[in-house]
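A short worksheet on the structure shown next.
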Amino acid sequence: MFVSQSSCHFVQLQPLRQENHHQLLFLSSRHPIQAALISLHCFHCHSLQYLSETEKLTRIQRVGAMAVDDVGSPVRYAVVTGANKGIGLETVRQLATAGVTVILTARNENRGKEATSKLHQSGLSNVVFHQLDVLETESIKSLAKFIETEFGRLDILVNNAGASGVVVDEDGLRALNVDPANWLAGKAVNVVQDVIKTTYEAAKLCLDTNYYGVKNVTEALLPLVQRSTSGARIVNISSLRSELKRIPDDQRRKELGDTDSLTEEKINAILQQFLHDLKHDALEANGWQKMLPAYSISKASLNAYTRVLAKKYPDMCINCVHPGFVKTDINWNTGIMTVEEGAAGPVMLALLPQGGPTGSYFDTTKLAEF
Ligand SMILES: NC(=O)c1ccc[n+]([C@@H]2O[C@H](COP(=O)([O-])OP(=O)(O)OC[C@H]3O[C@@H](n4cnc5c(N)ncnc54)[C@H](OP(=O)(O)O)[C@@H]3O)[C@@H](O)[C@H]2O)c1
């Protein structure tokens, strides 16, 4: 129920947790999420409770499930993974600016809370922090439980957290001053071979984060995403290193590009073969990419998973996107685009209108070939 009364708006809540009393929130603006919450009134015992700042924020977030915005659109809830910095943080900022209530997640609690607090200071009170390490089952479960309890559903999932799959001598890389065009084309592979090393540990961490992490987070949140009332959106942050034309091995390229026969089992088998070949020093001999091999196959697998998922859930818009060559820590700040530019593609896909594309790959904001 959403009732207007003079300059205040009242929103009736379900009984809160253990409390059996129905309560009424007094909001001082038309926009329930950005409103200044004044007090809680209980009809049952007629008590009026004035709230602390923290309590106000929690209650405002809770009421969002029933709220509508100024133009009558339902409030949307989004999760962004790896959002304490870089493209993830900027994606949160842009989504929150568009009126979405965003759960900013980060594996490190301090870094995540600090990023959230900066967004609050800039006036974006519709951002809430929750810890999430995409490698930890318990952490994923805890996020799912939090969303279930606080919001009851999820409308947008941006799988952004990523790892590079290499160990880098950053000073050595900077000294090489690699031309961005050669870097992007993969032509710098021989130049950088002394400063960028693919170790087994870094490669495994990369596959676990960029592929299995995305898969585990998505599977855990899917029941909530399926309850979306505004049309669910899943955005997987990929890379141009994922593109099929960059895969030297014909068979593997065909397998990862064949949507009719793609399955999660097949993708898993390819990744396990990669780790096997890496362990036996047989990457080049077996047709894996030379430039950032673990990162490349992790993102090619992520694209394939995006297509499998899109086929399984045709009512959702599930897409993957290369954000551009953005200056962030993941590429040791060698990128040439700003985070604002990098977040444009992910945000556009997160806010796609009903009937928008699904199972597609985008290069920034443009539809592109897998
Ligand atoms: N920058 C580019 O040019 C570019 C190009 C193509 C694709 N991408 C993709 O864009 C995405 C964002 O990267 P970025 O450029 O913004 O780099 P970034 O600034 O280094 O951000 C990476 C984020 O991922 C987080 N992360 C890593 N492992 C995690 C884990 N296990 N659980 C949760 N979070 C984890 C990091 O957290 P910590 O701060 O705790 O390490 C950080 O917040 C990545 O998927 C990347 O592959 C970037």
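Each chain in the structure tokens gets a letter, A, B and so on, in the order shown; residues start at 1 in every chain, and ligands are counted from 1 in the order they appear.
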
Taking only C-alpha atoms into account, produce a table as a Markdown table in which each residue of range 206-256 of chain A with an atom at most 8 Å from an atom of range 301-306 of chain A appears once, together with its shortest atom pair and the distance in Å to one decimal, ordered by chain and rising number.
```
| residue | atom | partner | partner_atom | distance |
| --- | --- | --- | --- | --- |
| A:Asn210 | CA | A:Leu302 | CA | 7.2 |
| A:Tyr211 | CA | A:Leu302 | CA | 5.5 |
| A:Val214 | CA | A:Leu302 | CA | 7.9 |
| A:Asn236 | CA | A:Thr306 | CA | 7.3 |
| A:Ser238 | CA | A:Leu302 | CA | 7.0 |
| A:Ser242 | CA | A:Asn303 | CA | 7.3 |
| A:Leu256 | CA | A:Ala304 | CA | 6.1 |
```

So that each row is one residue of chain A with an atom at most 6 Å from ligand 1, can you give its shortest atom pair and the distance in Å to one decimal, using only C-alpha atoms and all ligand atoms, rows by chain and rising number, as a tab-separated table?
```
residue	atom	partner	partner_atom_place_in_ligand_line	distance
A:Thr81	CA	ligand 1	34 (N)	6.0
A:Gly82	CA	ligand 1	43 (O)	3.7
A:Ala83	CA	ligand 1	43 (O)	4.9
A:Asn84	CA	ligand 1	43 (O)	4.8
A:Lys85	CA	ligand 1	43 (O)	5.0
A:Gly86	CA	ligand 1	16 (O)	3.5
A:Ile87	CA	ligand 1	16 (O)	3.7
A:Gly88	CA	ligand 1	16 (O)	5.5
A:Ala106	CA	ligand 1	34 (N)	5.3
A:Arg107	CA	ligand 1	33 (C)	4.5
A:Asn108	CA	ligand 1	40 (O)	5.5
A:Leu132	CA	ligand 1	33 (C)	5.7
A:Asp133	CA	ligand 1	32 (N)	3.5
A:Val134	CA	ligand 1	32 (N)	4.1
A:Leu135	CA	ligand 1	31 (N)	4.9
A:Asn160	CA	ligand 1	45 (O)	4.5
A:Ala161	CA	ligand 1	24 (O)	3.5
A:Gly162	CA	ligand 1	45 (O)	3.7
A:Ala163	CA	ligand 1	27 (C)	5.4
A:Thr209	CA	ligand 1	31 (N)	5.6
A:Ile237	CA	ligand 1	45 (O)	5.1
A:Ser238	CA	ligand 1	7 (C)	5.2
A:Ser239	CA	ligand 1	6 (C)	3.9
A:His322	CA	ligand 1	6 (C)	5.3
A:Pro323	CA	ligand 1	6 (C)	5.5
A:Gly324	CA	ligand 1	5 (C)	5.4
A:Phe325	CA	ligand 1	3 (O)	3.5
A:Val326	CA	ligand 1	3 (O)	3.7
A:Lys327	CA	ligand 1	1 (N)	5.6
A:Thr328	CA	ligand 1	19 (O)	4.6
A:Asp329	CA	ligand 1	20 (O)	4.1
A:Ile330	CA	ligand 1	20 (O)	3.8
A:Asn331	CA	ligand 1	1 (N)	5.9
A:Gly335	CA	ligand 1	3 (O)	5.4
```

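We find CA of Tyr77 in chain A and CA of Phe362 in chain A to be spaced 22.9 Å apart.
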
Exercise. Please, which residues of range 159-331 of chain A, numbered as in this document, come out helix (DSSP H, G or I) from DSSP, as number ranges by chain?
Worked result: A: 170-176, 180-185, 187-189, 200-225, 240-242, 244-246, 250-257, 264-279, 293-312, 329-331

Problem set entry | 9 Å contact set for Ile147 in chain A, only C-alpha atoms, chain neighbours under 5 positions out, as a ChimeraX atom specification | /A:103,142,152-154,221,224

For the residues selected in the previous step, produce a file with N, CA and C atoms as an mmCIF file, in the first residue's frame.
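This is the output file result-v7.cif:
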```cif
data_model
loop_
_atom_site.group_PDB
_atom_site.id
_atom_site.type_symbol
_atom_site.label_atom_id
_atom_site.label_comp_id
_atom_site.auth_asym_id
_atom_site.auth_seq_id
_atom_site.Cartn_x
_atom_site.Cartn_y
_atom_site.Cartn_z
ATOM 1 N N ILE A 103 23.315 -3.332 -4.397
ATOM 2 C CA ILE A 103 24.107 -3.978 -3.359
ATOM 3 C C ILE A 103 25.536 -4.029 -3.884
ATOM 4 N N SER A 142 25.612 -16.378 2.069
ATOM 5 C CA SER A 142 25.263 -15.286 2.983
ATOM 6 C C SER A 142 24.671 -14.104 2.205
ATOM 7 N N GLY A 152 13.753 -9.678 -0.984
ATOM 8 C CA GLY A 152 12.841 -10.718 -1.488
ATOM 9 C C GLY A 152 13.028 -11.079 -2.947
ATOM 10 N N ARG A 153 13.822 -10.315 -3.663
ATOM 11 C CA ARG A 153 14.051 -10.622 -5.071
ATOM 12 C C ARG A 153 15.280 -9.867 -5.566
ATOM 13 N N LEU A 154 15.712 -10.191 -6.797
ATOM 14 C CA LEU A 154 16.827 -9.474 -7.417
ATOM 15 C C LEU A 154 16.471 -9.240 -8.880
ATOM 16 N N LEU A 221 22.006 -17.079 -6.912
ATOM 17 C CA LEU A 221 21.084 -15.936 -6.939
ATOM 18 C C LEU A 221 19.920 -16.133 -7.916
ATOM 19 N N LEU A 224 16.310 -15.898 -6.789
ATOM 20 C CA LEU A 224 15.884 -14.516 -6.490
ATOM 21 C C LEU A 224 15.697 -13.724 -7.764
#
```

Non-local contacts of Asp194 in chain A (10 Å; only C-alpha atoms; under 3 positions in same chain excluded) as a CSV table (one decimal) with N, CA and C atoms, in the first residue's frame:
```csv
chain,number,residue,atom,x,y,z
A,168,VAL,N,52.9,-10.5,-12.5
A,168,VAL,CA,53.5,-9.5,-13.4
A,168,VAL,C,54.6,-8.7,-12.6
A,169,ASP,N,55.6,-8.4,-13.4
A,169,ASP,CA,56.6,-7.5,-12.9
A,169,ASP,C,56.2,-6.1,-13.4
A,172,GLY,N,58.7,-3.6,-14.7
A,172,GLY,CA,59.2,-4.0,-15.9
A,172,GLY,C,58.3,-3.8,-17.1
A,173,LEU,N,57.0,-4.0,-16.8
A,173,LEU,CA,55.9,-3.8,-17.8
A,173,LEU,C,55.8,-2.3,-18.2
A,189,VAL,N,53.0,-10.2,-27.3
A,189,VAL,CA,53.2,-11.4,-26.5
A,189,VAL,C,54.7,-11.7,-26.4
A,190,ASN,N,55.5,-11.5,-27.4
A,190,ASN,CA,56.9,-11.8,-27.2
A,190,ASN,C,57.6,-10.7,-26.4
A,191,VAL,N,57.2,-9.5,-26.6
A,191,VAL,CA,57.8,-8.4,-25.9
A,191,VAL,C,57.6,-8.5,-24.4
A,197,LYS,N,54.0,-13.6,-16.5
A,197,LYS,CA,54.2,-15.0,-16.4
A,197,LYS,C,52.9,-15.7,-16.1
```

Dump as JSON lines the rows for residues of range 241-276 of chain A within 10 Å of range 283-289 of chain A: closest atom pair and distance in Å with one decimal, only C-alpha atoms counted, ordered by chain and rising residue number.
```
{"residue": "A:Arg241", "atom": "CA", "partner": "A:Gln289", "partner_atom": "CA", "distance": 9.0}
{"residue": "A:Arg246", "atom": "CA", "partner": "A:Gln289", "partner_atom": "CA", "distance": 7.2}
{"residue": "A:Ile247", "atom": "CA", "partner": "A:Gln289", "partner_atom": "CA", "distance": 6.0}
{"residue": "A:Pro248", "atom": "CA", "partner": "A:Gly287", "partner_atom": "CA", "distance": 5.2}
{"residue": "A:Asp249", "atom": "CA", "partner": "A:Gly287", "partner_atom": "CA", "distance": 4.7}
{"residue": "A:Asp250", "atom": "CA", "partner": "A:Gly287", "partner_atom": "CA", "distance": 8.5}
{"residue": "A:Gln251", "atom": "CA", "partner": "A:Gly287", "partner_atom": "CA", "distance": 9.7}
{"residue": "A:Arg252", "atom": "CA", "partner": "A:Gly287", "partner_atom": "CA", "distance": 8.7}
{"residue": "A:Gln273", "atom": "CA", "partner": "A:Asn286", "partner_atom": "CA", "distance": 9.8}
{"residue": "A:Phe274", "atom": "CA", "partner": "A:Leu283", "partner_atom": "CA", "distance": 7.4}
{"residue": "A:Leu275", "atom": "CA", "partner": "A:Leu283", "partner_atom": "CA", "distance": 9.1}
{"residue": "A:His276", "atom": "CA", "partner": "A:Leu283", "partner_atom": "CA", "distance": 9.1}
```

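Around Pro346 in chain A, within 8 Å and counting only C-alpha atoms, the residues found are Thr91, Val158, Val235, Ile237, Val321, Pro323, Thr364 and Thr365 of chain A, once anything fewer than 6 positions away on its own chain is removed.
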
Write the residues of the selection above to a file with N, CA and C atoms, as a CSV table (one decimal), in the first residue's frame.
```csv
chain,number,residue,atom,x,y,z
A,91,THR,N,30.1,1.1,-12.1
A,91,THR,CA,28.8,0.5,-12.5
A,91,THR,C,27.8,0.7,-11.4
A,158,VAL,N,25.2,-8.1,-12.0
A,158,VAL,CA,26.4,-7.8,-12.8
A,158,VAL,C,27.6,-8.6,-12.3
A,235,VAL,N,24.4,-9.5,-16.4
A,235,VAL,CA,25.4,-9.0,-17.3
A,235,VAL,C,26.8,-9.6,-16.8
A,237,ILE,N,30.7,-9.6,-17.3
A,237,ILE,CA,31.8,-8.7,-17.8
A,237,ILE,C,32.9,-9.6,-18.4
A,321,VAL,N,29.7,-8.7,-22.0
A,321,VAL,CA,30.2,-7.4,-22.6
A,321,VAL,C,31.7,-7.2,-22.4
A,323,PRO,N,34.2,-4.4,-21.7
A,323,PRO,CA,33.9,-3.0,-21.3
A,323,PRO,C,34.8,-2.0,-22.0
A,364,THR,N,31.8,-2.8,-25.8
A,364,THR,CA,31.3,-1.7,-25.1
A,364,THR,C,29.8,-1.6,-25.3
A,365,THR,N,29.2,-0.6,-26.0
A,365,THR,CA,27.8,-0.6,-26.1
A,365,THR,C,27.2,-1.1,-27.4
```
